[in-house]
Amino acid sequence: MTAIDVRGLRKSHQGFEAVKGISFEVAEGEIFALLGRNGAGKTTTVEVLAGFQRADAGTVRVLGLDPWADRAAVRGRTGVMLQEAGFFPDLTVAQTIDTWRGFTSAPRPRDEALELAGLTAKAGTRVRQLSGGEKRRLDLALALLGRPDLLFLDEPTAGMDPEARAATWAVVRDLARQGTTILLTTHYLDEAQRLASRLAIMDAGRVVAGGDMAETLAAHAGKVSFRMPAHIPPGDLPLPVTVEHGRAVCRAEDPDLAAQTLLTWAAARGLRLEGLEVRPATLEDLFMESATLTTAATESTEQPR
């Protein structure tokens, strides 16, 4: 079943087209990462999906409903964790959850929400005394109060320490295992790579890359790097390399095979490839590559004819 179905979505603000005809699907129970630089159109897309804005063109269905026309029904089945939430600073964490429970149909018990977000020990602490990471965990607790079928997470672990990030990731994975669909936007690319099974990368209002996470990364070049041997010109190496800060860098679809080729070549000449590193393509590589290609395409279209 499809939880989110977007076809040709367009949305403009004061004459500026922020989203330019994007399409993607998110399956039920899936963790889907929607990524992009600031200004790429992610926030506008999420606001349309959550029913905060109306699409200018295209078709959008969330849990089988139109998120604008049926926004009351959609909001009753979704949880939203925004980048910045408005809290009453003098309320305690427990009082804040109790207040939000009053706005939520069939909410979780307060203690369950506190435990899910790892805030049990902070129940009596005033919101203004929380750290940035603890406030994000309170945001998560509030987003989960209604046991949502679909959860929007916008920078969910910003400001968290490594232990809190890992605990939040565990909560997100557990929710997905229980059938909750999760749409994640984050600038922590390692977070997206660890959590999401599929992704879409937006840039300048368009989807420029996406699909299955593992397949998408496997289709891109990995990297082999090592300290460049003294007195060896890069052209003498058996594979094409670039020299970056004194290190030879070889990009290859099969980095393990490339490393074997380089090591065999070095052994035949009595050389040692010091500081050898071999790694497959990462989401950061894909993200930077997509952004570079988009920038180049934009500059090309802007050249005078």
# chains A, B, ... in the order shown; residues from 1 in each chain; ligands from 1
>>> residues_around(residues="Phe16 in chain A", least_positions_apart="6", cutoff="12 Å", atoms="only C-alpha atoms", output="VMD selection string")
chain A and resid 10 39 41 44 204 to 205
>>> residues_around(residues="range 58-74 of chain A", least_positions_apart="2", cutoff="9 Å", atoms="only C-alpha atoms", output="number ranges by chain")
A: 2-10, 21-23, 28, 48-56, 76-78, 149-150
>>> select_by_dssp(residues="range 13-239 of chain A", states="strand (DSSP E or B)", output="number ranges by chain")
A: 13, 16-27, 31-36, 57-62, 65, 78-81, 92, 126, 150-154, 181-185, 198-203, 206-212, 222-227
>>> residues_around(residues="Ser225 in chain A", least_positions_apart="2", cutoff="9 Å", atoms="only C-alpha atoms", output="list in words")
Lys223, Arg227, Met228, Val241, Arg247, Ala248, Val249, Cys250, Arg251, Ala259, Gly275, Leu276, Glu277, Val278 and Arg279 of chain A
>>> atom_distance(atom1="CA of Pro107 in chain A", atom2="CA of Thr125 in chain A")
21.7 Å
>>> residues_around(residues="range 165-168 of chain A", least_positions_apart="2", cutoff="12 Å", atoms="only C-alpha atoms", output="PyMOL selection string")
chain A and resi 115-119+133-134+136-141+153+155-163+170-175+188+190-191+194-195
>>> select_by_dssp(residues="range 170-295 of chain A", states="alpha helix (DSSP H)", output="count of residues only")
48
>>> atom_distance(atom1="CA of Thr282 in chain A", atom2="CA of Gln83 in chain A")
25.1 Å
>>> closest_residue(among="A:Glu30, A:Asp285, A:Asp236, A:Glu253", to="Ala196 in chain A", atoms="only C-alpha atoms")
A:Glu30
>>> atom_distance(atom1="CA of Ala40 in chain A", atom2="CA of Ser131 in chain A")
28.9 Å
>>> closest_residue(among="A:Arg147, A:Arg198, A:Arg128, A:Lys135", to="Glu25 in chain A", atoms="only C-alpha atoms")
A:Arg198
>>> residues_around(residues="range 261-270 of chain A", least_positions_apart="2", cutoff="10 Å", atoms="only C-alpha atoms", output="number ranges by chain")
A: 224, 229, 237-239, 250, 255-259, 272-273, 276
>>> write_last_selection(atoms="N, CA, C and O atoms", output="tab-separated table (two decimals), in the first residue's frame")
chain	number	residue	atom	x	y	z
A	224	VAL	N	39.02	4.94	-3.49
A	224	VAL	CA	40.25	4.40	-2.93
A	224	VAL	C	41.22	5.56	-2.82
A	224	VAL	O	41.41	6.32	-3.79
A	229	PRO	N	52.93	8.01	-3.49
A	229	PRO	CA	54.34	7.64	-3.31
A	229	PRO	C	55.27	8.72	-3.88
A	229	PRO	O	54.98	9.32	-4.91
A	237	LEU	N	50.50	5.44	-12.43
A	237	LEU	CA	49.62	4.51	-11.71
A	237	LEU	C	48.74	3.75	-12.70
A	237	LEU	O	48.42	4.26	-13.78
A	238	PRO	N	48.30	2.54	-12.34
A	238	PRO	CA	47.53	1.72	-13.29
A	238	PRO	C	46.09	2.18	-13.47
A	238	PRO	O	45.41	1.70	-14.39
A	239	LEU	N	45.63	3.07	-12.61
A	239	LEU	CA	44.27	3.58	-12.71
A	239	LEU	C	44.28	5.11	-12.63
A	239	LEU	O	45.18	5.70	-12.03
A	250	CYS	N	41.29	7.59	-6.22
A	250	CYS	CA	40.77	6.87	-7.38
A	250	CYS	C	39.29	6.58	-7.12
A	250	CYS	O	38.94	5.95	-6.11
A	255	PRO	N	35.30	-0.31	-5.69
A	255	PRO	CA	36.53	0.16	-5.03
A	255	PRO	C	37.41	-0.97	-4.53
A	255	PRO	O	38.64	-0.82	-4.47
A	256	ASP	N	36.83	-2.12	-4.17
A	256	ASP	CA	37.66	-3.25	-3.71
A	256	ASP	C	38.54	-3.76	-4.85
A	256	ASP	O	39.74	-4.04	-4.66
A	257	LEU	N	37.95	-3.88	-6.05
A	257	LEU	CA	38.73	-4.33	-7.20
A	257	LEU	C	39.81	-3.30	-7.56
A	257	LEU	O	40.94	-3.67	-7.89
A	258	ALA	N	39.46	-2.03	-7.47
A	258	ALA	CA	40.45	-0.99	-7.75
A	258	ALA	C	41.60	-1.05	-6.77
A	258	ALA	O	42.77	-0.90	-7.16
A	259	ALA	N	41.31	-1.31	-5.50
A	259	ALA	CA	42.36	-1.41	-4.49
A	259	ALA	C	43.28	-2.60	-4.78
A	259	ALA	O	44.51	-2.50	-4.65
A	272	ARG	N	54.96	0.70	-1.23
A	272	ARG	CA	53.92	0.56	-0.21
A	272	ARG	C	52.94	1.72	-0.36
A	272	ARG	O	53.36	2.89	-0.43
A	273	LEU	N	51.65	1.41	-0.44
A	273	LEU	CA	50.63	2.46	-0.54
A	273	LEU	C	50.20	2.81	0.88
A	273	LEU	O	49.33	2.17	1.47
A	276	LEU	N	46.29	3.58	3.04
A	276	LEU	CA	45.29	3.13	2.07
A	276	LEU	C	43.91	3.09	2.73
A	276	LEU	O	43.72	2.51	3.81
